[in-house]
file my_file_1.txt (compact mmCIF, C-alpha atoms)
# COMPACT_ATOMS: atom_id res chain seq x y z
CA MET A 15 21.53 58.55 3.13
CA SER A 16 23.47 57.45 6.22
CA ARG A 17 26.51 56.58 4.09
CA VAL A 18 26.42 60.03 2.51
CA LEU A 19 26.39 61.70 5.94
CA VAL A 20 29.35 59.56 7.01
CA VAL A 21 31.28 60.73 3.92
CA LEU A 22 30.48 64.36 4.76
CA PHE A 23 31.61 63.84 8.35
CA LEU A 24 34.93 62.38 7.19
CA ILE A 25 35.46 65.33 4.84
CA ILE A 26 34.82 67.79 7.65
CA ALA A 27 37.00 65.89 10.10
CA SER A 28 39.91 65.88 7.65
CA PHE A 29 40.41 69.63 8.22
CA LYS A 30 41.94 70.89 11.48
CA ALA A 31 39.46 73.22 13.12
CA GLU A 32 42.11 75.16 15.00
CA ALA A 33 43.91 76.15 11.80
CA GLN A 34 41.17 77.85 9.82
CA ILE A 35 37.63 79.19 9.87
CA ASN A 36 34.91 76.62 9.35
CA GLU A 37 31.23 76.98 8.53
CA VAL A 38 28.52 74.39 9.03
CA GLY A 39 24.85 74.97 8.33
CA ILE A 40 21.69 74.28 6.39
CA PHE A 41 20.05 75.04 3.07
CA VAL A 42 16.28 75.56 2.89
CA GLY A 43 14.49 76.35 -0.34
CA GLY A 44 12.76 75.03 -3.39
CA SER A 45 13.61 72.98 -6.47
CA ASN A 46 12.49 72.74 -10.05
CA TYR A 47 13.39 70.69 -13.09
CA ILE A 48 13.86 71.49 -16.80
CA GLY A 49 13.48 68.74 -19.35
CA ASP A 50 11.02 66.96 -21.60
CA VAL A 51 7.89 67.19 -19.43
CA GLY A 52 6.00 70.30 -18.34
CA PRO A 53 7.14 73.94 -18.48
CA THR A 54 10.72 74.99 -19.20
CA ASP A 55 11.12 77.89 -16.74
CA TYR A 56 14.68 77.94 -15.46
CA ILE A 57 14.06 79.51 -12.05
CA ALA A 58 10.67 78.38 -10.74
CA PRO A 59 11.03 76.69 -7.33
CA LYS A 60 7.92 74.63 -6.62
CA ASP A 61 9.05 71.60 -4.61
CA LEU A 62 10.87 71.41 -1.27
CA ALA A 63 14.67 71.19 -1.09
CA LEU A 64 16.64 70.74 2.16
CA GLY A 65 20.35 70.34 2.71
CA PHE A 66 23.42 70.42 4.93
CA LEU A 67 26.64 72.18 3.99
CA TYR A 68 30.18 72.67 5.24
CA LYS A 69 32.77 75.25 4.17
CA TYR A 70 36.49 75.41 4.83
CA ASN A 71 37.46 79.05 4.30
CA ARG A 72 40.92 79.08 2.79
CA SER A 73 40.96 82.90 2.43
CA PRO A 74 38.52 85.84 2.61
CA ARG A 75 37.91 85.28 -1.12
CA HIS A 76 37.47 81.52 -1.47
CA SER A 77 36.43 78.40 0.39
CA TYR A 78 36.11 74.69 -0.24
CA ARG A 79 32.51 73.55 0.08
CA ALA A 80 30.76 70.21 0.61
CA SER A 81 27.01 69.73 0.72
CA PHE A 82 24.27 67.13 0.74
CA THR A 83 20.82 68.12 -0.55
CA TYR A 84 17.55 66.23 -0.70
CA ALA A 85 14.86 67.56 -3.03
CA LYS A 86 11.61 66.65 -4.69
CA ILE A 87 11.21 67.38 -8.38
CA SER A 88 8.01 67.15 -10.40
CA SER A 89 6.40 68.53 -13.51
CA ASN A 90 3.16 68.33 -15.47
CA ASP A 91 2.48 68.92 -19.15
CA ALA A 92 -0.74 70.67 -18.16
CA ASP A 93 1.37 73.57 -16.84
CA SER A 94 3.35 73.98 -20.08
CA ASP A 95 2.92 76.80 -22.58
CA MET A 96 3.53 74.34 -25.43
CA SER A 97 0.29 73.09 -26.96
CA ALA A 98 1.86 69.76 -27.95
CA ARG A 99 2.81 69.04 -24.33
CA LYS A 100 -0.60 70.09 -23.05
CA GLN A 101 -2.27 67.66 -25.43
CA ARG A 102 0.17 64.88 -24.50
CA GLY A 103 -0.62 65.19 -20.77
CA TYR A 104 2.42 63.52 -19.16
CA SER A 105 3.52 64.13 -15.56
CA PHE A 106 6.07 62.73 -13.10
CA ASP A 107 7.36 62.94 -9.52
CA ASN A 108 10.91 62.10 -8.50
CA THR A 109 13.47 62.71 -5.77
CA VAL A 110 17.07 63.87 -6.00
CA LYS A 111 19.72 63.16 -3.34
CA GLU A 112 22.87 65.11 -4.19
CA LEU A 113 26.40 65.12 -2.80
CA SER A 114 28.34 68.14 -4.10
CA LEU A 115 32.00 69.19 -3.72
CA GLY A 116 33.61 72.32 -5.09
CA LEU A 117 34.94 75.85 -4.68
CA GLU A 118 33.06 78.97 -3.59
CA PHE A 119 34.51 82.33 -4.68
CA ASN A 120 33.58 85.69 -3.11
CA PHE A 121 33.65 88.81 -5.26
CA PHE A 122 34.65 90.91 -2.21
CA ASP A 123 36.70 90.04 0.86
CA PHE A 124 34.53 88.27 3.45
CA ASN A 125 36.52 87.85 6.66
CA LEU A 126 34.46 85.88 9.16
CA HIS A 127 36.45 87.27 12.12
CA GLU A 128 35.43 90.83 11.31
CA THR A 129 32.36 91.99 13.25
CA ASP A 130 31.54 94.90 10.92
CA PHE A 131 28.76 94.48 8.38
CA GLN A 132 29.91 92.58 5.29
CA LEU A 133 28.13 91.74 2.05
CA THR A 134 29.37 89.96 -1.02
CA PRO A 135 28.07 88.19 -4.12
CA TYR A 136 29.60 84.76 -4.72
CA VAL A 137 29.71 81.92 -7.21
CA TYR A 138 30.07 78.20 -6.62
CA GLY A 139 31.16 75.45 -8.97
CA GLY A 140 32.44 71.92 -8.76
CA LEU A 141 31.06 68.43 -9.30
CA SER A 142 27.96 66.70 -7.94
CA TYR A 143 26.88 63.08 -7.72
CA PHE A 144 23.17 62.41 -7.32
CA TRP A 145 20.73 59.56 -6.93
CA TYR A 146 17.22 59.43 -8.41
CA ASP A 147 14.47 56.98 -9.36
CA GLU A 148 14.65 55.43 -12.81
CA GLN A 149 11.25 55.85 -14.48
CA TYR A 150 9.31 55.25 -17.68
CA ILE A 151 5.95 56.46 -18.97
CA ASN A 152 3.50 54.10 -20.63
CA ASN A 153 0.00 55.04 -21.80
CA GLY A 154 0.22 58.29 -19.86
CA ARG A 155 1.13 56.66 -16.54
CA THR A 156 4.54 56.99 -14.87
CA TYR A 157 6.20 53.92 -13.36
CA ASP A 158 9.30 53.50 -11.19
CA ASN A 159 11.94 51.09 -12.44
CA GLY A 160 14.58 50.97 -9.71
CA ASN A 161 17.25 53.43 -8.61
CA SER A 162 19.90 55.16 -10.68
CA SER A 163 22.64 57.77 -10.29
CA ALA A 164 24.61 60.23 -12.39
CA LEU A 165 26.99 63.17 -12.28
CA SER A 166 25.97 66.81 -12.60
CA ILE A 167 27.77 70.15 -12.82
CA PRO A 168 26.59 72.78 -10.31
CA MET A 169 26.57 76.43 -11.40
CA THR A 170 25.53 78.62 -8.46
CA VAL A 171 25.32 82.37 -7.87
CA GLY A 172 24.39 83.96 -4.56
CA ILE A 173 24.79 86.78 -2.08
CA LYS A 174 25.59 86.55 1.64
CA THR A 175 26.06 88.70 4.73
CA ASN A 176 27.04 88.34 8.39
CA VAL A 177 23.78 88.93 10.26
CA LEU A 178 24.98 88.08 13.79
CA PRO A 179 28.32 87.15 15.36
CA ASN A 180 29.27 83.69 14.08
CA PHE A 181 26.29 83.46 11.70
CA VAL A 182 26.16 84.01 7.94
CA ILE A 183 22.96 84.06 5.88
CA GLY A 184 22.88 83.78 2.11
CA PHE A 185 20.52 83.49 -0.80
CA GLU A 186 21.49 81.48 -3.87
CA VAL A 187 20.28 79.97 -7.11
CA GLY A 188 22.07 76.85 -8.28
CA ALA A 189 21.42 75.19 -11.66
CA ARG A 190 22.66 71.65 -12.22
CA TYR A 191 23.40 70.35 -15.69
CA THR A 192 23.01 66.58 -15.39
CA PHE A 193 24.48 63.71 -17.35
CA SER A 194 21.08 62.04 -17.37
CA ASP A 195 18.06 62.40 -19.63
CA ASN A 196 15.69 60.37 -17.48
CA LEU A 197 14.74 62.39 -14.42
CA ASP A 198 11.30 62.60 -16.06
CA GLY A 199 10.92 59.10 -17.53
CA SER A 200 11.61 60.30 -21.08
CA TYR A 201 14.70 58.14 -21.67
CA PRO A 202 14.52 54.85 -19.72
CA GLU A 203 17.92 53.18 -19.69
CA ASP A 204 16.41 49.68 -19.78
CA ASP A 205 16.32 48.58 -23.43
CA THR A 206 13.04 46.84 -22.66
CA TYR A 207 11.39 50.25 -22.68
CA GLN A 208 13.38 51.74 -25.57
CA ASN A 209 10.22 52.22 -27.64
CA LEU A 210 8.81 54.46 -24.86
CA ARG A 211 11.52 57.12 -25.18
CA PHE A 212 10.33 60.58 -26.20
CA GLY A 213 11.29 64.25 -26.33
CA ASN A 214 14.69 65.65 -27.28
CA LEU A 215 16.92 62.60 -26.94
CA GLU A 216 20.05 64.70 -27.52
CA SER A 217 19.49 67.04 -24.55
CA ASP A 218 20.01 66.06 -20.91
CA ASP A 219 17.89 67.24 -17.98
CA TRP A 220 18.53 70.07 -15.51
CA TYR A 221 17.43 70.70 -11.95
CA VAL A 222 17.69 73.93 -9.95
CA PHE A 223 17.92 74.69 -6.22
CA THR A 224 16.80 78.15 -5.06
CA GLY A 225 16.84 79.16 -1.40
CA PHE A 226 18.57 80.37 1.73
CA THR A 227 21.67 79.16 3.56
CA LEU A 228 22.37 79.73 7.25
CA THR A 229 25.79 78.76 8.58
CA TYR A 230 27.54 78.90 11.94
CA THR A 231 31.24 79.80 11.91
CA PHE A 232 33.88 78.37 14.25
CA GLY A 233 37.64 77.89 14.49
CA GLU A 234 40.55 80.12 15.45
CA LYS A 235 41.67 82.99 13.23
CA PRO A 236 43.76 81.62 10.36
CA CYS A 237 46.75 83.17 8.71
CA TYR A 238 45.54 84.23 5.26
CA CYS A 239 49.01 84.28 3.76
CA PRO A 240 50.97 82.14 1.29
CA ASN A 241 52.98 79.28 2.70

call {"tool": "encode", "arguments": {"input": "my_file_1.txt", "output": "structure tokens"}}
result
Amino acid sequence: MSRVLVVLFLIIASFKAEAQINEVGIFVGGSNYIGDVGPTDYIAPKDLALGFLYKYNRSPRHSYRASFTYAKISSNDADSDMSARKQRGYSFDNTVKELSLGLEFNFFDFNLHETDFQLTPYVYGGLSYFWYDEQYINNGRTYDNGNSSALSIPMTVGIKTNVLPNFVIGFEVGARYTFSDNLDGSYPEDDTYQNLRFGNLESDDWYVFTGFTLTYTFGEKPCYCPN
């Protein structure tokens, strides 16, 4: 995790604070997973998710965003509406550590130097890289089998407002389509456990972050104009 924080620091330091508005803050919320174990509800935060984020506001409409999020994910067939999964009785627990970079777009102008009340929906997209525990399930028990990593595509929608001078609060839901099918132990990469693979082997897993962001803004007023 320390290496990830160093990378984030270098990204932040690469922008000149006196030339634009910056935001730095936290994300607090919940996480859930969609895959081959348990229920398939898309927005159902049940495990804790915490993160740090930084934004470089290039204009009142868009900003470059970097974040690091740590989350627990888990699921249990006993909570599924599918009778076949209930009878199978699998479950798992895992962790996700995600570094995400991308672009946030505001639907309305959101000028951080304006003190009047502002409110805007926004969307965020980009590319994420995440780490997780490689797992497999044998005779109903879940086993760890080392660490692994993969890419994911974040698709986030949210709404934010300026609650106090220099503070912005937001609420967002961010789904991640992953390039992994083994967050739940259903597709172990090790060929030794190939016979233990199950579920839809053609569909990769998802995880979702739902929660609040609180950021502090700093930096001198930029010139929002073309060069």

call {"tool": "residues_around", "arguments": {"input": "my_file_1.txt", "residues": "Pro53 in chain A", "least_positions_apart": "6", "cutoff": "10 Å", "atoms": "all atoms listed in the file", "output": "VMD selection string"}}
result
chain A and resid 47 89 to 96 99 to 100

call {"tool": "atom_distance", "arguments": {"input": "my_file_1.txt", "atom1": "CA of Ser105 in chain A", "atom2": "CA of Ser142 in chain A"}}
result
25.7 Å

call {"tool": "atom_distance", "arguments": {"input": "my_file_1.txt", "atom1": "CA of Tyr201 in chain A", "atom2": "CA of Arg102 in chain A"}}
result
16.3 Å

call {"tool": "residues_around", "arguments": {"input": "my_file_1.txt", "residues": "Ser200 in chain A", "least_positions_apart": "5", "cutoff": "7 Å", "atoms": "only C-alpha atoms", "output": "PyMOL selection string"}}
result
chain A and resi 50+150+195+211-213

call {"tool": "residues_around", "arguments": {"input": "my_file_1.txt", "residues": "Pro74 in chain A", "least_positions_apart": "4", "cutoff": "9 Å", "atoms": "all atoms listed in the file", "output": "PDB file with C-alpha atoms, in the coordinates of the input"}}
result
ATOM      1  CA  ASN A 120      33.580  85.690  -3.110  1.00  0.00           C
ATOM      2  CA  PHE A 122      34.650  90.910  -2.210  1.00  0.00           C
ATOM      3  CA  ASP A 123      36.700  90.040   0.860  1.00  0.00           C
ATOM      4  CA  PHE A 124      34.530  88.270   3.450  1.00  0.00           C
ATOM      5  CA  ASN A 125      36.520  87.850   6.660  1.00  0.00           C
ATOM      6  CA  LEU A 126      34.460  85.880   9.160  1.00  0.00           C
ATOM      7  CA  TYR A 238      45.540  84.230   5.260  1.00  0.00           C
TER       8      TYR A 238
END

call {"tool": "closest_residue", "arguments": {"input": "my_file_1.txt", "among": "A:Pro59, A:Gly139, A:Gly39, A:Gly103", "to": "Asn153 in chain A", "atoms": "only C-alpha atoms"}}
result
A:Gly103

call {"tool": "closest_residue", "arguments": {"input": "my_file_1.txt", "among": "A:Phe226, A:Tyr56, A:Tyr78, A:Tyr136", "to": "Phe185 in chain A", "atoms": "all atoms listed in the file"}}
result
A:Phe226

call {"tool": "closest_residue", "arguments": {"input": "my_file_1.txt", "among": "A:Leu133, A:Leu197, A:Leu165, A:Val42", "to": "Ser88 in chain A", "atoms": "all atoms listed in the file"}}
result
A:Leu197

call {"tool": "atom_distance", "arguments": {"input": "my_file_1.txt", "atom1": "CA of Phe131 in chain A", "atom2": "CA of Val38 in chain A"}}
result
20.1 Å

call {"tool": "axis_aligned_box", "arguments": {"input": "my_file_1.txt", "around": "range 109-118 of chain A", "padding_each_side": "4 Å", "output": "AutoDock Vina command-line options"}}
result
--center_x 24.2 --center_y 70.8 --center_z -4.4 --size_x 29.5 --size_y 24.3 --size_z 11.2

call {"tool": "closest_residue", "arguments": {"input": "my_file_1.txt", "among": "A:Leu141, A:Leu67, A:Ile87, A:Val171", "to": "Thr231 in chain A", "atoms": "only C-alpha atoms"}}
result
A:Leu67

call {"tool": "closest_residue", "arguments": {"input": "my_file_1.txt", "among": "A:Ser194, A:Thr129, A:Asn161, A:Thr134", "to": "Tyr221 in chain A", "atoms": "all atoms listed in the file"}}
result
A:Ser194

call {"tool": "residues_around", "arguments": {"input": "my_file_1.txt", "residues": "Ser45 in chain A", "least_positions_apart": "3", "cutoff": "7 Å", "atoms": "all atoms listed in the file", "output": "mmCIF file with C-alpha atoms, in the coordinates of the input"}}
result
data_model
loop_
_atom_site.group_PDB
_atom_site.id
_atom_site.type_symbol
_atom_site.label_atom_id
_atom_site.label_comp_id
_atom_site.auth_asym_id
_atom_site.auth_seq_id
_atom_site.Cartn_x
_atom_site.Cartn_y
_atom_site.Cartn_z
ATOM 1 C CA PRO A 59 11.030 76.690 -7.330
ATOM 2 C CA LYS A 60 7.920 74.630 -6.620
ATOM 3 C CA ASP A 61 9.050 71.600 -4.610
ATOM 4 C CA LEU A 62 10.870 71.410 -1.270
ATOM 5 C CA ALA A 63 14.670 71.190 -1.090
ATOM 6 C CA ALA A 85 14.860 67.560 -3.030
ATOM 7 C CA LYS A 86 11.610 66.650 -4.690
ATOM 8 C CA ILE A 87 11.210 67.380 -8.380
ATOM 9 C CA VAL A 222 17.690 73.930 -9.950
ATOM 10 C CA PHE A 223 17.920 74.690 -6.220
ATOM 11 C CA THR A 224 16.800 78.150 -5.060
#

call {"tool": "residues_near_point", "arguments": {"input": "my_file_1.txt", "point": "(15.8, 59.7, -5.3)", "cutoff": "7 Å", "atoms": "all atoms listed in the file", "output": "number ranges by chain"}}
result
A: 108-111, 145-147

call {"tool": "write_last_selection", "arguments": {"input": "my_file_1.txt", "atoms": "C-alpha atoms", "output": "PDB file, keeping the file's coordinate frame"}}
result
ATOM      1  CA  ASN A 108      10.910  62.100  -8.500  1.00  0.00           C
ATOM      2  CA  THR A 109      13.470  62.710  -5.770  1.00  0.00           C
ATOM      3  CA  VAL A 110      17.070  63.870  -6.000  1.00  0.00           C
ATOM      4  CA  LYS A 111      19.720  63.160  -3.340  1.00  0.00           C
ATOM      5  CA  TRP A 145      20.730  59.560  -6.930  1.00  0.00           C
ATOM      6  CA  TYR A 146      17.220  59.430  -8.410  1.00  0.00           C
ATOM      7  CA  ASP A 147      14.470  56.980  -9.360  1.00  0.00           C
TER       8      ASP A 147
END

call {"tool": "closest_residue", "arguments": {"input": "my_file_1.txt", "among": "A:Gly52, A:Gly43, A:Gly116, A:Pro135", "to": "Met169 in chain A", "atoms": "all atoms listed in the file"}}
result
A:Gly116

call {"tool": "residues_around", "arguments": {"input": "my_file_1.txt", "residues": "Trp220 in chain A", "least_positions_apart": "5", "cutoff": "7 Å", "atoms": "all atoms listed in the file", "output": "list of chain:residue names"}}
result
A:Tyr47, A:Ile48, A:Gly49, A:Arg190, A:Tyr191, A:Thr192

call {"tool": "decode", "arguments": {"input": "my_file_1.txt", "residues": "range 167-179 of chain A", "atoms": "all heavy atoms", "output": "short mmCIF file (atom, residue, chain, number, x, y, z; two decimals), in the first residue's frame"}}
result
data_model
loop_
_atom_site.label_atom_id
_atom_site.label_comp_id
_atom_site.auth_asym_id
_atom_site.auth_seq_id
_atom_site.Cartn_x
_atom_site.Cartn_y
_atom_site.Cartn_z
N ILE A 167 -12.65 -1.23 -15.38
CA ILE A 167 -13.15 0.01 -15.97
C ILE A 167 -14.19 0.61 -15.03
O ILE A 167 -15.25 0.03 -14.82
CB ILE A 167 -13.77 -0.25 -17.35
CG1 ILE A 167 -12.73 -0.84 -18.30
CG2 ILE A 167 -14.34 1.05 -17.94
CD1 ILE A 167 -13.28 -1.23 -19.66
N PRO A 168 -13.88 1.78 -14.43
CA PRO A 168 -14.84 2.41 -13.52
C PRO A 168 -15.91 3.19 -14.29
O PRO A 168 -15.61 3.89 -15.25
CB PRO A 168 -13.96 3.36 -12.70
CG PRO A 168 -12.84 3.72 -13.61
CD PRO A 168 -12.61 2.51 -14.50
N MET A 169 -17.15 3.05 -13.85
CA MET A 169 -18.28 3.78 -14.42
C MET A 169 -19.07 4.36 -13.25
O MET A 169 -19.82 3.63 -12.59
CB MET A 169 -19.14 2.86 -15.28
CG MET A 169 -18.42 2.35 -16.52
SD MET A 169 -19.28 0.97 -17.34
CE MET A 169 -18.73 -0.39 -16.31
N THR A 170 -18.87 5.66 -12.98
CA THR A 170 -19.38 6.27 -11.76
C THR A 170 -20.34 7.41 -12.08
O THR A 170 -20.08 8.21 -12.99
CB THR A 170 -18.22 6.82 -10.91
OG1 THR A 170 -17.36 5.72 -10.55
CG2 THR A 170 -18.70 7.51 -9.65
N VAL A 171 -21.42 7.50 -11.32
CA VAL A 171 -22.34 8.64 -11.38
C VAL A 171 -22.49 9.17 -9.96
O VAL A 171 -22.46 8.42 -8.99
CB VAL A 171 -23.72 8.25 -11.96
CG1 VAL A 171 -23.60 7.82 -13.40
CG2 VAL A 171 -24.37 7.15 -11.14
N GLY A 172 -22.64 10.50 -9.85
CA GLY A 172 -22.75 11.09 -8.52
C GLY A 172 -23.36 12.47 -8.57
O GLY A 172 -23.71 13.00 -9.63
N ILE A 173 -23.47 13.07 -7.40
CA ILE A 173 -23.96 14.44 -7.26
C ILE A 173 -23.16 15.10 -6.14
O ILE A 173 -22.80 14.44 -5.16
CB ILE A 173 -25.47 14.47 -6.97
CG1 ILE A 173 -26.00 15.90 -7.04
CG2 ILE A 173 -25.80 13.79 -5.66
CD1 ILE A 173 -27.52 15.99 -7.05
N LYS A 174 -22.83 16.39 -6.30
CA LYS A 174 -22.00 17.06 -5.30
C LYS A 174 -22.44 18.50 -5.12
O LYS A 174 -23.10 19.08 -5.99
CB LYS A 174 -20.53 17.01 -5.71
CG LYS A 174 -20.21 17.70 -7.03
CD LYS A 174 -18.74 17.51 -7.41
CE LYS A 174 -18.42 18.13 -8.76
NZ LYS A 174 -17.01 17.91 -9.16
N THR A 175 -22.05 19.06 -3.96
CA THR A 175 -22.38 20.44 -3.64
C THR A 175 -21.30 21.01 -2.74
O THR A 175 -20.55 20.28 -2.09
CB THR A 175 -23.76 20.53 -2.94
OG1 THR A 175 -24.09 21.90 -2.71
CG2 THR A 175 -23.74 19.79 -1.61
N ASN A 176 -21.23 22.37 -2.71
CA ASN A 176 -20.27 23.05 -1.84
C ASN A 176 -20.96 23.38 -0.52
O ASN A 176 -21.75 24.31 -0.43
CB ASN A 176 -19.73 24.32 -2.52
CG ASN A 176 -20.84 25.24 -3.00
OD1 ASN A 176 -21.97 24.81 -3.26
ND2 ASN A 176 -20.52 26.52 -3.14
N VAL A 177 -20.68 22.62 0.51
CA VAL A 177 -21.38 22.78 1.78
C VAL A 177 -20.82 23.91 2.63
O VAL A 177 -21.55 24.62 3.32
CB VAL A 177 -21.35 21.47 2.58
CG1 VAL A 177 -22.25 20.43 1.95
CG2 VAL A 177 -19.93 20.92 2.69
N LEU A 178 -19.52 24.12 2.59
CA LEU A 178 -18.82 25.14 3.35
C LEU A 178 -17.72 25.71 2.47
O LEU A 178 -17.32 25.08 1.49
CB LEU A 178 -18.21 24.55 4.63
CG LEU A 178 -19.17 24.06 5.72
CD1 LEU A 178 -18.39 23.28 6.78
CD2 LEU A 178 -19.92 25.22 6.35
N PRO A 179 -17.20 26.90 2.79
CA PRO A 179 -16.07 27.41 2.02
C PRO A 179 -14.92 26.40 2.00
O PRO A 179 -14.52 25.89 3.05
CB PRO A 179 -15.69 28.69 2.77
CG PRO A 179 -16.95 29.13 3.43
CD PRO A 179 -17.67 27.86 3.81
#
